[in-house]
There are 2 protein chains.
Amino acid sequence: MIHLGVDLGGTKIAVGITDDTGHILYKDNVPTCRERGYAAIIKDIIDLCKEIINKQQIDIKDIKSIGIGSPGRCDSGNGTIIYANNFDFENTSIKDEIQKHINLPVYVENDGNCAALAENMFGAAKGAKNSITITLGTGVGSGVILNGRIFCGSFFGGCELGHQVIRKDGELCTCGRKGCWEAYASASALIREAKIAAVRNPHSLINSCVKGDLSRIEAKTVFDCADQGDQTAKIVVNEYLLNIAEGIANLINIFEPEVIVIGGGVSAQGEKLLAPVNEIITSLTYGGKSKTRLAIAQLGNDAGIIGAAFLD
Amino acid sequence: MIHLGVDLGGTKIAVGITDDTGHILYKDNVPTCRERGYAAIIKDIIDLCKEIINKQQIDIKDIKSIGIGSPGRCDSGNGTIIYANNFDFENTSIKDEIQKHINLPVYVENDGNCAALAENMFGAAKGAKNSITITLGTGVGSGVILNGRIFCGSFFGGCELGHQVIRKDGELCTCGRKGCWEAYASASALIREAKIAAVRNPHSLINSCVKGDLSRIEAKTVFDCADQGDQTAKIVVNEYLLNIAEGIANLINIFEPEVIVIGGGVSAQGEKLLAPVNEIITSLTYGGKSKTRLAIAQLGNDAGIIGAAFLD
């Protein structure tokens, strides 16, 4: 069978088809232009799905289902997006809209949950009964797989792991609380701290790397400068790793899954991220006895499409 | 059928029998005297079970199973206690030991999980698919029920919800980490802060309540003094409630269960605890829209026995 997955993102709408093993056979995308509003976005999703089906000459009978991964709170039961801040979506019956135009089973799920499902089925957590995938990017995305199924709480809004407070009364988070993990472990948090450090230490390599334009600092900049021995960058990276580890140690104490997968832009650091975080976690969990394995995500940006494609 | 439950505690071994509706028909207990070691404790458990069966003239064929709730990490799969700090137990085959003497199915589970199961089946979370029970006592105990079943992670050590760090680099916790929820939300934490406050404010009602002997401060003392308008006690209680709420808000963002049940000694405060914590949580969760209900535990100290009795 063919599986069709849609990854509705803030920047682009990506659609792909996979085989039964999660291998992407073909994919394409169009810009989201979210300011256009719901109707135009849904039309683009439907058009892109149809276009791929036609172009790839797929018999609709060979498609098992269409899955949509969307930001925000999704009611996977009746196929609606309850709300998605980024999009001003509220209680949109996306499943029904799509089924009006394409006669296939349609599933809707939060995008972080889709990524977690994909990594669990075909990626870094393959074979694990319980796994968690977190994505360190602009925010901290997350998805939890328990007994091989997406776990999303009783009201489709659970598993917002980025919004566990690790520093009460700390940095203001986008969610309104203070001290959330996201406010310390996201790439944005790393960049924020690097900017502060660069201002305080004008001779830091960070400044020269971005030619004094601090708005150009990326997560990679900070890791690269630390790599080259820059003390300021090293201190910022070390503190960042401590914060990542603190949240992961919490997740181990709370869920104790076989695997915690780290994805998102920061995960490109690979072992430079994994090795120190593992070491810190050993010091934070009961007698260093944690059996949970940390791993870097394997499916990259395709995880959203692949997970959505296997929501059935 | 009759269900037999054992609650192995640090102070006493409590054994009870229930009917199919979780109603305790008879219960008894003996002191644990844990310094005697494993063999003596197991013998007492077996003896007390046998005694109750005989005294109550129960046909062994009418007993569905024996369940043991124990502190520490229990392998519910093969019926062993992997370790329990309080007892110096390590990989003890408690199921096999008991079955040598009583020919019944035997189940072993962490005591926090037993209490959570009992509240879910027959108590404050009855009817909930997903619920969490936390006990605010010497420490912060916890158990998580997902889809009506105990969830304990992949290696029987998950759901240590008291050991989520809410204040990185904060108070040292018994687990070795700094800033765990337990170090702020347990009755011990409340008493610790009340002592500090009483020393700093010698005219506080707290001091006169315990006649200057601060070792006599209990959780109830602090709540009572706050109730009577003592400013020092009010500040301590308010801060304590903020800390409880911070951890609960984390659990809502992480699990979003239908119900979070609060048990343990502190839960005797009832609405005085629930109302302010609910109010704080409204300010801490996304737009105050949390659908998770908070409730005071209904089964009290019997939860351990009842949950153990229904592990089958």
# chains A, B, ... in the order shown; residues from 1 in each chain; ligands from 1
$ closest_atom_pairs --of "chain B" --to "chain A" --cutoff "7 Å" --atoms "only C-alpha atoms" --output "CSV"
residue,atom,partner,partner_atom,distance
B:Asn130,CA,A:Ser154,CA,6.6
B:Gly153,CA,A:Glu256,CA,4.7
B:Ser154,CA,A:Pro257,CA,5.2
B:Phe155,CA,A:Glu256,CA,6.8
B:Gly157,CA,A:Glu256,CA,6.5
B:Gly158,CA,A:Glu256,CA,4.6
B:Cys159,CA,A:Ile254,CA,4.3
B:Glu160,CA,A:Asn253,CA,5.2
B:Leu161,CA,A:Ile254,CA,5.5
B:His163,CA,A:Asn253,CA,6.4
B:Gln164,CA,A:Asn250,CA,4.7
B:Val165,CA,A:Ile166,CA,5.7
B:Ile166,CA,A:Ile166,CA,4.3
B:Arg167,CA,A:Arg167,CA,4.4
B:Lys168,CA,A:Arg167,CA,5.4
B:Cys175,CA,A:Tyr286,CA,6.2
B:Arg177,CA,A:Leu284,CA,5.7
B:Asn250,CA,A:Gln164,CA,4.7
B:Ile252,CA,A:Gly158,CA,6.9
B:Asn253,CA,A:Glu160,CA,5.2
B:Ile254,CA,A:Cys159,CA,4.3
B:Phe255,CA,A:Gly158,CA,4.8
B:Glu256,CA,A:Gly158,CA,4.6
B:Pro257,CA,A:Ser154,CA,5.2
B:Glu258,CA,A:Ser154,CA,6.0
B:Leu284,CA,A:Arg177,CA,5.8
B:Tyr286,CA,A:Cys175,CA,6.2
$ residues_around --residues "Ile81 in chain A" --least-positions-apart "4" --cutoff "6 Å" --atoms "only C-alpha atoms" --output "list of chain:residue names"
A:Cys74, A:Asn91, A:Thr92
$ write_last_selection --atoms "all heavy atoms" --output "PDB file, in the first residue's frame"
ATOM      1  N   CYS A  74      -4.904  18.891  18.268  1.00  0.00           N
ATOM      2  CA  CYS A  74      -5.729  18.226  17.257  1.00  0.00           C
ATOM      3  C   CYS A  74      -6.586  17.158  17.918  1.00  0.00           C
ATOM      4  O   CYS A  74      -6.096  16.392  18.743  1.00  0.00           O
ATOM      5  CB  CYS A  74      -4.845  17.564  16.211  1.00  0.00           C
ATOM      6  SG  CYS A  74      -3.818  18.743  15.328  1.00  0.00           S
ATOM      7  N   ASN A  91     -11.144  24.898  15.888  1.00  0.00           N
ATOM      8  CA  ASN A  91     -12.171  23.900  15.599  1.00  0.00           C
ATOM      9  C   ASN A  91     -12.455  23.747  14.100  1.00  0.00           C
ATOM     10  O   ASN A  91     -13.609  23.794  13.664  1.00  0.00           O
ATOM     11  CB  ASN A  91     -13.461  24.237  16.349  1.00  0.00           C
ATOM     12  CG  ASN A  91     -13.268  24.088  17.835  1.00  0.00           C
ATOM     13  OD1 ASN A  91     -12.685  23.100  18.285  1.00  0.00           O
ATOM     14  ND2 ASN A  91     -13.721  25.053  18.608  1.00  0.00           N
ATOM     15  N   THR A  92     -11.400  23.586  13.329  1.00  0.00           N
ATOM     16  CA  THR A  92     -11.551  23.424  11.891  1.00  0.00           C
ATOM     17  C   THR A  92     -11.653  21.940  11.569  1.00  0.00           C
ATOM     18  O   THR A  92     -10.809  21.146  11.975  1.00  0.00           O
ATOM     19  CB  THR A  92     -10.340  24.018  11.156  1.00  0.00           C
ATOM     20  OG1 THR A  92      -9.176  23.408  11.706  1.00  0.00           O
ATOM     21  CG2 THR A  92     -10.250  25.507  11.348  1.00  0.00           C
TER      22      THR A  92
END
$ select_by_dssp --residues "range 4-98 of chain A" --states "strand (DSSP E or B)" --output "tab-separated table (two decimals) with N, CA and C atoms, in the first residue's frame"
chain	number	residue	atom	x	y	z
A	4	LEU	N	-0.07	8.30	2.49
A	4	LEU	CA	0.10	9.71	2.14
A	4	LEU	C	0.16	10.56	3.40
A	5	GLY	N	1.21	11.35	3.54
A	5	GLY	CA	1.37	12.18	4.73
A	5	GLY	C	1.53	13.65	4.39
A	6	VAL	N	0.87	14.49	5.19
A	6	VAL	CA	0.95	15.94	5.00
A	6	VAL	C	1.56	16.56	6.25
A	7	ASP	N	2.59	17.35	6.07
A	7	ASP	CA	3.20	18.06	7.19
A	7	ASP	C	2.92	19.55	7.01
A	8	LEU	N	1.91	20.01	7.76
A	8	LEU	CA	1.51	21.42	7.66
A	8	LEU	C	2.39	22.25	8.59
A	12	LYS	N	6.05	25.96	5.19
A	12	LYS	CA	5.63	25.23	3.99
A	12	LYS	C	4.68	24.07	4.32
A	13	ILE	N	3.91	23.72	3.30
A	13	ILE	CA	3.06	22.54	3.36
A	13	ILE	C	3.81	21.46	2.60
A	14	ALA	N	4.25	20.41	3.30
A	14	ALA	CA	4.99	19.33	2.64
A	14	ALA	C	4.10	18.09	2.56
A	15	VAL	N	4.05	17.49	1.40
A	15	VAL	CA	3.24	16.28	1.21
A	15	VAL	C	4.13	15.20	0.61
A	16	GLY	N	3.99	13.99	1.13
A	16	GLY	CA	4.80	12.90	0.61
A	16	GLY	C	4.03	11.60	0.59
A	17	ILE	N	4.49	10.68	-0.25
A	17	ILE	CA	3.93	9.33	-0.23
A	17	ILE	C	5.04	8.37	0.17
A	18	THR	N	4.67	7.36	0.96
A	18	THR	CA	5.66	6.37	1.40
A	18	THR	C	5.15	4.97	1.08
A	24	ILE	N	10.10	7.21	1.87
A	24	ILE	CA	9.41	8.22	1.06
A	24	ILE	C	9.69	7.98	-0.42
A	25	LEU	N	8.61	7.79	-1.19
A	25	LEU	CA	8.73	7.51	-2.63
A	25	LEU	C	8.78	8.82	-3.42
A	26	TYR	N	8.07	9.80	-2.93
A	26	TYR	CA	8.03	11.08	-3.63
A	26	TYR	C	7.51	12.12	-2.64
A	27	LYS	N	8.02	13.32	-2.76
A	27	LYS	CA	7.47	14.40	-1.90
A	27	LYS	C	7.58	15.73	-2.63
A	28	ASP	N	6.76	16.65	-2.18
A	28	ASP	CA	6.76	17.98	-2.79
A	28	ASP	C	6.24	18.97	-1.72
A	29	ASN	N	6.42	20.24	-1.97
A	29	ASN	CA	5.88	21.20	-1.01
A	29	ASN	C	5.53	22.51	-1.69
A	30	VAL	N	4.65	23.26	-1.01
A	30	VAL	CA	4.30	24.62	-1.45
A	30	VAL	C	4.41	25.53	-0.23
A	31	PRO	N	4.65	26.82	-0.46
A	31	PRO	CA	4.73	27.72	0.70
A	31	PRO	C	3.37	27.81	1.41
A	63	ILE	N	-3.98	3.61	-2.01
A	63	ILE	CA	-3.61	4.49	-0.89
A	63	ILE	C	-4.37	4.09	0.36
A	64	LYS	N	-3.62	3.82	1.41
A	64	LYS	CA	-4.27	3.36	2.64
A	64	LYS	C	-5.01	4.50	3.34
A	65	SER	N	-4.33	5.64	3.45
A	65	SER	CA	-4.95	6.78	4.15
A	65	SER	C	-4.15	8.05	3.89
A	66	ILE	N	-4.79	9.15	4.26
A	66	ILE	CA	-4.09	10.43	4.28
A	66	ILE	C	-3.97	10.86	5.73
A	67	GLY	N	-2.78	11.25	6.14
A	67	GLY	CA	-2.60	11.76	7.50
A	67	GLY	C	-2.12	13.20	7.44
A	68	ILE	N	-2.65	14.00	8.36
A	68	ILE	CA	-2.24	15.41	8.42
A	68	ILE	C	-1.56	15.66	9.76
A	69	GLY	N	-0.35	16.14	9.73
A	69	GLY	CA	0.32	16.59	10.95
A	69	GLY	C	0.23	18.11	11.00
A	70	SER	N	-0.34	18.60	12.07
A	70	SER	CA	-0.57	20.06	12.19
A	70	SER	C	-0.02	20.56	13.52
A	73	ARG	N	-3.37	21.85	18.92
A	73	ARG	CA	-4.12	20.77	19.56
A	73	ARG	C	-5.08	20.16	18.55
A	74	CYS	N	-4.90	18.89	18.27
A	74	CYS	CA	-5.73	18.23	17.26
A	74	CYS	C	-6.59	17.16	17.92
A	75	ASP	N	-7.83	17.09	17.55
A	75	ASP	CA	-8.70	16.03	18.02
A	75	ASP	C	-8.62	14.88	17.02
A	80	THR	N	-10.32	17.05	13.80
A	80	THR	CA	-10.35	18.51	13.75
A	80	THR	C	-9.08	19.09	14.37
A	81	ILE	N	-8.76	20.31	13.97
A	81	ILE	CA	-7.71	21.05	14.67
A	81	ILE	C	-8.44	21.93	15.68
A	82	ILE	N	-8.26	21.65	16.96
A	82	ILE	CA	-8.99	22.38	18.00
A	82	ILE	C	-8.51	23.82	18.04
A	83	TYR	N	-7.21	23.99	18.13
A	83	TYR	CA	-6.64	25.31	17.85
A	83	TYR	C	-5.16	25.21	17.53
A	84	ALA	N	-4.69	26.15	16.76
A	84	ALA	CA	-3.27	26.24	16.43
A	84	ALA	C	-2.92	27.72	16.38
A	89	PHE	N	-6.27	28.97	13.60
A	89	PHE	CA	-7.26	27.91	13.37
A	89	PHE	C	-8.02	27.66	14.66
A	90	GLU	N	-9.30	27.43	14.55
A	90	GLU	CA	-10.05	27.04	15.74
A	90	GLU	C	-11.18	26.11	15.33
A	91	ASN	N	-11.14	24.90	15.89
A	91	ASN	CA	-12.17	23.90	15.60
A	91	ASN	C	-12.45	23.75	14.10
A	92	THR	N	-11.40	23.59	13.33
A	92	THR	CA	-11.55	23.42	11.89
A	92	THR	C	-11.65	21.94	11.57
$ atom_distance --atom1 "CA of Ile94 in chain A" --atom2 "CA of Phe122 in chain A"
26.5 Å
$ select_by_dssp --residues "range 20-198 of chain B" --states "alpha helix (DSSP H)" --output "PyMOL selection string"
chain B and resi 38-55+94-101+111-122+182-185+187-198
$ residues_around --residues "range 293-301 of chain B" --least-positions-apart "5" --cutoff "9 Å" --atoms "only C-alpha atoms" --output "list in words"
Ala115, Ala118, Glu119, Phe122, Gly123, Ala124, Ala125, Thr133, Ile134, Thr135, Pro257, Glu258, Val259, Ile260, Val261, Ile262, Gly263, Gly264, Gly265, Ser267, Ala268, Gly270, Glu271, Leu274, Val277, Asn278 and Ile306 of chain B
$ residues_around --residues "Ala39 in chain B" --least-positions-apart "4" --cutoff "12 Å" --atoms "only C-alpha atoms" --output "PyMOL selection string"
chain B and resi 32-35+43-46+87-89+92-94+97-98
$ write_last_selection --atoms "N, CA, C and O atoms" --output "PDB file, in the first residue's frame"
ATOM      1  N   THR B  32       6.360  -3.353  61.126  1.00  0.00           N
ATOM      2  CA  THR B  32       7.308  -3.864  60.129  1.00  0.00           C
ATOM      3  C   THR B  32       8.651  -4.217  60.765  1.00  0.00           C
ATOM      4  O   THR B  32       9.231  -5.264  60.446  1.00  0.00           O
ATOM      5  N   CYS B  33       9.108  -3.372  61.676  1.00  0.00           N
ATOM      6  CA  CYS B  33      10.443  -3.563  62.280  1.00  0.00           C
ATOM      7  C   CYS B  33      11.448  -3.926  61.191  1.00  0.00           C
ATOM      8  O   CYS B  33      12.000  -5.031  61.178  1.00  0.00           O
ATOM      9  N   ARG B  34      11.651  -2.985  60.295  1.00  0.00           N
ATOM     10  CA  ARG B  34      12.389  -3.311  59.073  1.00  0.00           C
ATOM     11  C   ARG B  34      13.844  -3.681  59.297  1.00  0.00           C
ATOM     12  O   ARG B  34      14.474  -4.308  58.451  1.00  0.00           O
ATOM     13  N   GLU B  35      14.379  -3.337  60.482  1.00  0.00           N
ATOM     14  CA  GLU B  35      15.783  -3.676  60.761  1.00  0.00           C
ATOM     15  C   GLU B  35      15.976  -5.197  60.859  1.00  0.00           C
ATOM     16  O   GLU B  35      17.107  -5.693  60.780  1.00  0.00           O
ATOM     17  N   LYS B  43       8.131 -13.506  56.252  1.00  0.00           N
ATOM     18  CA  LYS B  43       7.452 -14.485  57.105  1.00  0.00           C
ATOM     19  C   LYS B  43       6.211 -13.843  57.751  1.00  0.00           C
ATOM     20  O   LYS B  43       5.133 -14.441  57.782  1.00  0.00           O
ATOM     21  N   ASP B  44       6.376 -12.614  58.228  1.00  0.00           N
ATOM     22  CA  ASP B  44       5.242 -11.912  58.852  1.00  0.00           C
ATOM     23  C   ASP B  44       4.113 -11.656  57.847  1.00  0.00           C
ATOM     24  O   ASP B  44       2.939 -11.756  58.199  1.00  0.00           O
ATOM     25  N   ILE B  45       4.482 -11.319  56.621  1.00  0.00           N
ATOM     26  CA  ILE B  45       3.449 -11.099  55.588  1.00  0.00           C
ATOM     27  C   ILE B  45       2.659 -12.384  55.374  1.00  0.00           C
ATOM     28  O   ILE B  45       1.421 -12.390  55.385  1.00  0.00           O
ATOM     29  N   ILE B  46       3.388 -13.480  55.206  1.00  0.00           N
ATOM     30  CA  ILE B  46       2.738 -14.774  54.963  1.00  0.00           C
ATOM     31  C   ILE B  46       1.861 -15.165  56.157  1.00  0.00           C
ATOM     32  O   ILE B  46       0.696 -15.561  55.994  1.00  0.00           O
ATOM     33  N   PHE B  87      14.393  -0.552  52.743  1.00  0.00           N
ATOM     34  CA  PHE B  87      14.428  -1.913  53.263  1.00  0.00           C
ATOM     35  C   PHE B  87      15.719  -2.672  52.991  1.00  0.00           C
ATOM     36  O   PHE B  87      15.858  -3.800  53.413  1.00  0.00           O
ATOM     37  N   ASP B  88      16.635  -2.067  52.255  1.00  0.00           N
ATOM     38  CA  ASP B  88      17.815  -2.815  51.820  1.00  0.00           C
ATOM     39  C   ASP B  88      17.414  -4.073  51.048  1.00  0.00           C
ATOM     40  O   ASP B  88      18.118  -5.083  51.094  1.00  0.00           O
ATOM     41  N   PHE B  89      16.248  -4.018  50.402  1.00  0.00           N
ATOM     42  CA  PHE B  89      15.833  -5.136  49.547  1.00  0.00           C
ATOM     43  C   PHE B  89      16.533  -4.995  48.205  1.00  0.00           C
ATOM     44  O   PHE B  89      16.675  -3.895  47.688  1.00  0.00           O
ATOM     45  N   THR B  92      14.591  -9.234  45.350  1.00  0.00           N
ATOM     46  CA  THR B  92      13.980 -10.251  46.193  1.00  0.00           C
ATOM     47  C   THR B  92      12.756 -10.825  45.495  1.00  0.00           C
ATOM     48  O   THR B  92      11.881 -10.088  45.054  1.00  0.00           O
ATOM     49  N   SER B  93      12.711 -12.156  45.402  1.00  0.00           N
ATOM     50  CA  SER B  93      11.621 -12.827  44.670  1.00  0.00           C
ATOM     51  C   SER B  93      10.432 -13.015  45.583  1.00  0.00           C
ATOM     52  O   SER B  93      10.083 -14.139  45.970  1.00  0.00           O
ATOM     53  N   ILE B  94       9.793 -11.940  45.913  1.00  0.00           N
ATOM     54  CA  ILE B  94       8.740 -11.968  46.917  1.00  0.00           C
ATOM     55  C   ILE B  94       7.545 -12.803  46.460  1.00  0.00           C
ATOM     56  O   ILE B  94       6.935 -13.526  47.248  1.00  0.00           O
ATOM     57  N   GLU B  97       8.425 -16.501  47.007  1.00  0.00           N
ATOM     58  CA  GLU B  97       8.462 -16.800  48.454  1.00  0.00           C
ATOM     59  C   GLU B  97       7.046 -17.017  48.995  1.00  0.00           C
ATOM     60  O   GLU B  97       6.789 -17.969  49.725  1.00  0.00           O
ATOM     61  N   ILE B  98       6.148 -16.129  48.606  1.00  0.00           N
ATOM     62  CA  ILE B  98       4.785 -16.208  49.133  1.00  0.00           C
ATOM     63  C   ILE B  98       4.064 -17.421  48.549  1.00  0.00           C
ATOM     64  O   ILE B  98       3.369 -18.151  49.257  1.00  0.00           O
TER      65      ILE B  98
END
$ closest_residue --among "B:His101, B:Ala233, B:Ile191, B:Ala40" --to "Leu214 in chain B" --atoms "only C-alpha atoms"
B:Ile191
$ atom_distance --atom1 "CA of Ile2 in chain B" --atom2 "CA of Ile58 in chain B"
8.5 Å
$ atom_distance --atom1 "CA of Gly143 in chain B" --atom2 "CA of Asn110 in chain B"
8.5 Å
